[in-house]
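For reference, start.tsv is printed below; it contains TSV, C-alpha atoms.
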chain	number	residue	atom	x	y	z
A	369	MET	CA	-18.18	-33.23	-57.48
A	370	ALA	CA	-15.96	-36.30	-57.26
A	371	TYR	CA	-12.92	-36.53	-55.00
A	372	TYR	CA	-10.38	-39.29	-54.70
A	373	THR	CA	-8.10	-40.41	-51.91
A	374	TYR	CA	-5.26	-42.32	-53.52
A	375	ILE	CA	-2.06	-44.23	-52.81
A	376	LEU	CA	0.97	-44.10	-55.06
A	377	THR	CA	4.14	-46.10	-54.77
A	378	ASN	CA	7.37	-46.59	-56.68
A	379	TRP	CA	8.07	-49.59	-58.93
A	380	SER	CA	9.65	-51.59	-56.11
A	381	ASN	CA	6.71	-50.79	-53.78
A	382	THR	CA	9.03	-49.45	-51.08
A	383	VAL	CA	7.78	-45.85	-50.84
A	384	MET	CA	4.17	-44.74	-50.41
A	385	TYR	CA	2.46	-41.42	-51.00
A	386	ILE	CA	-1.15	-40.70	-50.01
A	387	GLY	CA	-3.07	-37.76	-51.43
A	388	VAL	CA	-6.46	-36.26	-52.35
A	389	THR	CA	-7.60	-34.81	-55.68
A	390	ASN	CA	-10.68	-34.03	-57.70
A	391	ASP	CA	-9.02	-35.22	-60.95
A	392	LEU	CA	-7.06	-38.41	-60.52
A	393	GLN	CA	-5.63	-38.62	-64.04
A	394	ARG	CA	-4.43	-35.02	-63.99
A	395	ARG	CA	-2.91	-35.41	-60.53
A	396	LEU	CA	-1.04	-38.57	-61.51
A	397	TYR	CA	0.35	-36.75	-64.54
A	398	GLU	CA	1.48	-33.93	-62.25
A	399	HIS	CA	3.20	-36.41	-59.94
A	400	SER	CA	4.97	-38.01	-62.89
A	401	TYR	CA	6.02	-34.86	-64.74
A	402	GLY	CA	5.69	-32.08	-62.19
A	403	ILE	CA	8.03	-30.30	-59.86
A	404	GLU	CA	11.46	-31.91	-59.82
A	405	ASP	CA	12.15	-31.26	-56.13
A	406	SER	CA	8.87	-32.83	-54.96
A	407	PHE	CA	8.72	-35.99	-52.84
A	408	THR	CA	7.06	-38.01	-55.58
A	409	HIS	CA	9.60	-36.96	-58.20
A	410	ARG	CA	12.58	-37.49	-55.92
A	411	TYR	CA	11.51	-41.06	-55.07
A	412	ASN	CA	9.91	-41.88	-58.45
A	413	VAL	CA	6.51	-42.41	-56.82
A	414	ASN	CA	4.02	-42.52	-59.69
A	415	LYS	CA	2.44	-45.98	-59.65
A	416	LEU	CA	-1.23	-45.80	-58.67
A	417	VAL	CA	-2.02	-48.84	-56.53
A	418	TYR	CA	-5.20	-47.78	-54.70
A	419	TYR	CA	-7.91	-45.14	-54.77
A	420	GLU	CA	-11.28	-44.43	-53.21
A	421	TYR	CA	-14.10	-42.20	-54.41
A	422	ALA	CA	-15.92	-39.64	-52.24
A	423	GLU	CA	-18.52	-37.02	-53.09
A	424	ASP	CA	-17.48	-34.72	-50.25
A	425	VAL	CA	-14.05	-33.08	-50.11
A	426	LYS	CA	-14.08	-33.08	-46.31
A	427	ALA	CA	-14.66	-36.83	-46.28
A	428	ALA	CA	-11.82	-37.38	-48.75
A	429	ILE	CA	-9.42	-35.26	-46.70
A	430	ALA	CA	-10.45	-37.01	-43.49
A	431	ARG	CA	-9.78	-40.37	-45.13
A	432	GLU	CA	-6.37	-39.16	-46.36
A	433	LYS	CA	-5.43	-38.16	-42.81
A	434	GLN	CA	-6.70	-41.47	-41.47
A	435	LEU	CA	-4.64	-43.48	-43.95
A	436	LYS	CA	-1.53	-41.42	-43.29
A	437	GLY	CA	-1.83	-42.38	-39.62
A	438	TRP	CA	-1.87	-46.10	-40.35
A	439	THR	CA	1.13	-48.39	-40.11
A	440	ARG	CA	2.79	-49.51	-43.31
A	441	ALA	CA	1.49	-53.04	-42.76
A	442	ARG	CA	-2.09	-51.78	-42.55
A	443	LYS	CA	-1.68	-49.66	-45.70
A	444	ASN	CA	-0.23	-52.69	-47.52
A	445	ALA	CA	-3.22	-54.79	-46.44
A	446	LEU	CA	-5.61	-52.12	-47.72
A	447	VAL	CA	-3.93	-52.04	-51.13
A	448	GLU	CA	-3.96	-55.83	-51.31
A	449	THR	CA	-7.74	-55.99	-50.70
A	450	LEU	CA	-8.37	-54.47	-54.14
A	451	ASN	CA	-5.01	-54.80	-55.87
A	452	PRO	CA	-3.21	-57.94	-54.63
A	453	ASP	CA	-0.62	-57.81	-57.42
A	454	TRP	CA	0.24	-54.15	-56.78
A	455	ARG	CA	-0.22	-53.37	-60.45
A	456	ASP	CA	-0.44	-49.81	-61.74
A	457	LEU	CA	-4.18	-49.10	-61.91
A	458	SER	CA	-3.58	-46.22	-64.32
A	459	ASP	CA	-2.48	-48.74	-66.96
A	460	ASP	CA	-6.21	-49.41	-67.50
A	461	TRP	CA	-6.90	-45.79	-68.50
A	462	GLU	CA	-7.14	-44.75	-72.10
A	463	ASP	CA	-4.92	-41.85	-73.14
Rewrite the structure from the file as C-alpha coordinates, please.
Amino acid sequence: MAYYTYILTNWSNTVMYIGVTNDLQRRLYEHSYGIEDSFTHRYNVNKLVYYEYAEDVKAAIAREKQLKGWTRARKNALVETLNPDWRDLSDDWED
(Lines of atoms letter the chains of each structure in order from A and count residues from 1; the text may use other names and numbers.)
(Lines give C-alpha, C1' and ligand atoms only; values in the text may rest on other atoms or scores of the structure.)
Protein backbone atom coordinates (compact mmCIF):
# COMPACT_ATOMS: atom_id res chain seq x y z
CA MET A 1 0.00 0.00 0.00
CA ALA A 2 1.09 3.59 -0.61
CA TYR A 3 1.43 6.18 2.14
CA TYR A 4 2.23 9.85 1.86
CA THR A 5 3.79 12.33 4.24
CA TYR A 6 2.70 15.76 3.11
CA ILE A 7 2.97 19.47 3.86
CA LEU A 8 0.11 21.90 3.40
CA THR A 9 0.18 25.64 3.78
CA ASN A 10 -2.17 28.57 3.32
CA TRP A 11 -2.09 30.90 0.30
CA SER A 12 0.33 33.32 1.96
CA ASN A 13 2.62 30.43 3.01
CA THR A 14 2.58 31.52 6.64
CA VAL A 15 1.05 28.43 8.27
CA MET A 16 2.20 24.83 7.79
CA TYR A 17 0.49 21.52 8.46
CA ILE A 18 2.24 18.15 8.20
CA GLY A 19 0.31 14.90 7.96
CA VAL A 20 0.23 11.28 6.76
CA THR A 21 -2.37 9.55 4.60
CA ASN A 22 -2.87 6.59 2.30
CA ASP A 23 -4.98 8.67 -0.13
CA LEU A 24 -3.56 12.11 -0.76
CA GLN A 25 -6.36 13.42 -2.97
CA ARG A 26 -9.07 12.33 -0.55
CA ARG A 27 -7.20 13.76 2.43
CA LEU A 28 -6.69 17.12 0.73
CA TYR A 29 -10.41 17.23 -0.04
CA GLU A 30 -11.14 16.51 3.63
CA HIS A 31 -8.82 19.33 4.70
CA SER A 32 -10.53 21.73 2.31
CA TYR A 33 -14.15 20.78 3.00
CA GLY A 34 -14.04 18.89 6.28
CA ILE A 35 -14.62 19.75 9.89
CA GLU A 36 -15.06 23.48 10.38
CA ASP A 37 -13.33 23.63 13.76
CA SER A 38 -10.18 21.85 12.55
CA PHE A 39 -6.77 23.53 12.40
CA THR A 40 -6.61 23.36 8.62
CA HIS A 41 -10.07 24.85 8.19
CA ARG A 42 -9.53 27.58 10.76
CA TYR A 43 -6.30 28.75 9.09
CA ASN A 44 -7.34 27.95 5.49
CA VAL A 45 -4.47 25.46 5.12
CA ASN A 46 -5.23 23.52 1.94
CA LYS A 47 -2.39 24.23 -0.49
CA LEU A 48 -0.28 21.11 -1.07
CA VAL A 49 3.35 22.20 -1.39
CA TYR A 50 5.26 18.97 -0.67
CA TYR A 51 4.75 15.24 -0.36
CA GLU A 52 6.78 12.06 -0.11
CA TYR A 53 5.82 8.48 -0.90
CA ALA A 54 6.45 5.50 1.39
CA GLU A 55 5.39 1.86 1.15
CA ASP A 56 5.39 1.36 4.92
CA VAL A 57 3.00 3.23 7.22
CA LYS A 58 5.51 3.16 10.07
CA ALA A 59 8.10 4.85 7.87
CA ALA A 60 5.59 7.51 6.80
CA ILE A 61 4.60 8.22 10.41
CA ALA A 62 8.24 8.36 11.49
CA ARG A 63 8.95 10.86 8.72
CA GLU A 64 5.94 12.96 9.75
CA LYS A 65 7.25 13.12 13.32
CA GLN A 66 10.73 13.98 12.07
CA LEU A 67 9.45 16.85 9.93
CA LYS A 68 7.28 18.19 12.73
CA GLY A 69 10.41 18.47 14.86
CA TRP A 70 12.26 20.59 12.31
CA THR A 71 12.54 24.36 12.43
CA ARG A 72 10.41 26.38 10.05
CA ALA A 73 13.51 27.36 8.08
CA ARG A 74 14.41 23.70 7.53
CA LYS A 75 10.85 22.85 6.45
CA ASN A 76 10.90 25.79 4.03
CA ALA A 77 14.19 24.55 2.56
CA LEU A 78 12.72 21.07 2.11
CA VAL A 79 9.71 22.43 0.23
CA GLU A 80 11.94 24.59 -1.94
CA THR A 81 14.06 21.59 -3.02
CA LEU A 82 11.13 20.24 -5.05
CA ASN A 83 8.75 23.19 -5.23
CA PRO A 84 10.74 26.45 -5.28
CA ASP A 85 7.71 28.52 -6.31
CA TRP A 86 5.50 27.11 -3.54
CA ARG A 87 2.79 26.32 -6.06
CA ASP A 88 -0.16 24.09 -5.21
CA LEU A 89 0.89 20.64 -6.40
CA SER A 90 -2.73 19.48 -6.45
CA ASP A 91 -3.38 21.86 -9.35
CA ASP A 92 -1.73 19.21 -11.56
CA TRP A 93 -4.33 16.57 -10.64
CA GLU A 94 -7.24 15.81 -12.89
CA ASP A 95 -10.66 15.95 -11.27
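When only C-alpha atoms are used to compute distances to A:Glu420, the closest of the residues A:Thr382, A:Ser458, A:Thr389, A:Thr408 turns out to be A:Thr389.
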Next item on the list: Extract, using only C-alpha atoms, all DNA, RNA and protein residues at most 6 Å from A:Tyr418, discarding same-chain residues fewer than 5 positions from it, and format them as a ChimeraX atom specification.
Entry: /A:374-375,447
Margin query: Using only C-alpha atoms, list the residues that have an atom at most 12 Å from (1.6, -45.8, -57.9), coordinates as in the file, as number ranges by chain.
Written below: A: 374-387, 392-393, 395-397, 399-400, 408-409, 411-419, 447, 451, 454-459
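Distances from A:Asp460, A:Glu404, A:Val388, A:Met369 to A:Lys436 were compared using all atoms listed in the file, and the smallest one belongs to A:Val388.
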Checklist line | Nearest to A:Tyr421, chosen from A:Glu398, A:Asp453, A:Asp391, A:Ala441, with all atoms listed in the file counted in the distances | finding: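 The answer is A:Asp391, which sits nearest to A:Tyr421.
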Note to self: Just checking: using all atoms listed in the file, which residue out of A:Ala370, A:Gly402, A:Ala427, A:Phe407 ends up closest to A:Asn390?
What the structure shows: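 The answer is A:Ala370, which sits nearest to A:Asn390.
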Notebook entry, point to check: What separation in Å, quoted to one decimal, exists between atom CA of A:Arg410 and atom CA of A:Pro452?
Noted result: 25.9 Å
Item checked: Separation of atom CA of A:Arg431 from atom CA of A:Thr373, in Å and rounded to one decimal ->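 If I compute the distance from atom CA of A:Arg431 to atom CA of A:Thr373, I get 7.0 Å.
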If I wrap all listed atoms of stretch 449-459 of chain A in a box with edges along x, y and z and add 8 Å on each side, what are its centre and edge lengths in Å to one decimal, as lines of an AutoDock Vina configuration file?
center_x = -4.1
center_y = -52.1
center_z = -58.8
size_x = 24.6
size_y = 27.7
size_z = 32.3
Next item on the list: Tell me, in Å to one decimal, how far atom CA of A:Asn444 is from atom CA of A:Tyr372.
Entry: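 Spanning atom CA of A:Asn444 to atom CA of A:Tyr372 is a straight-line distance of 18.3 Å.
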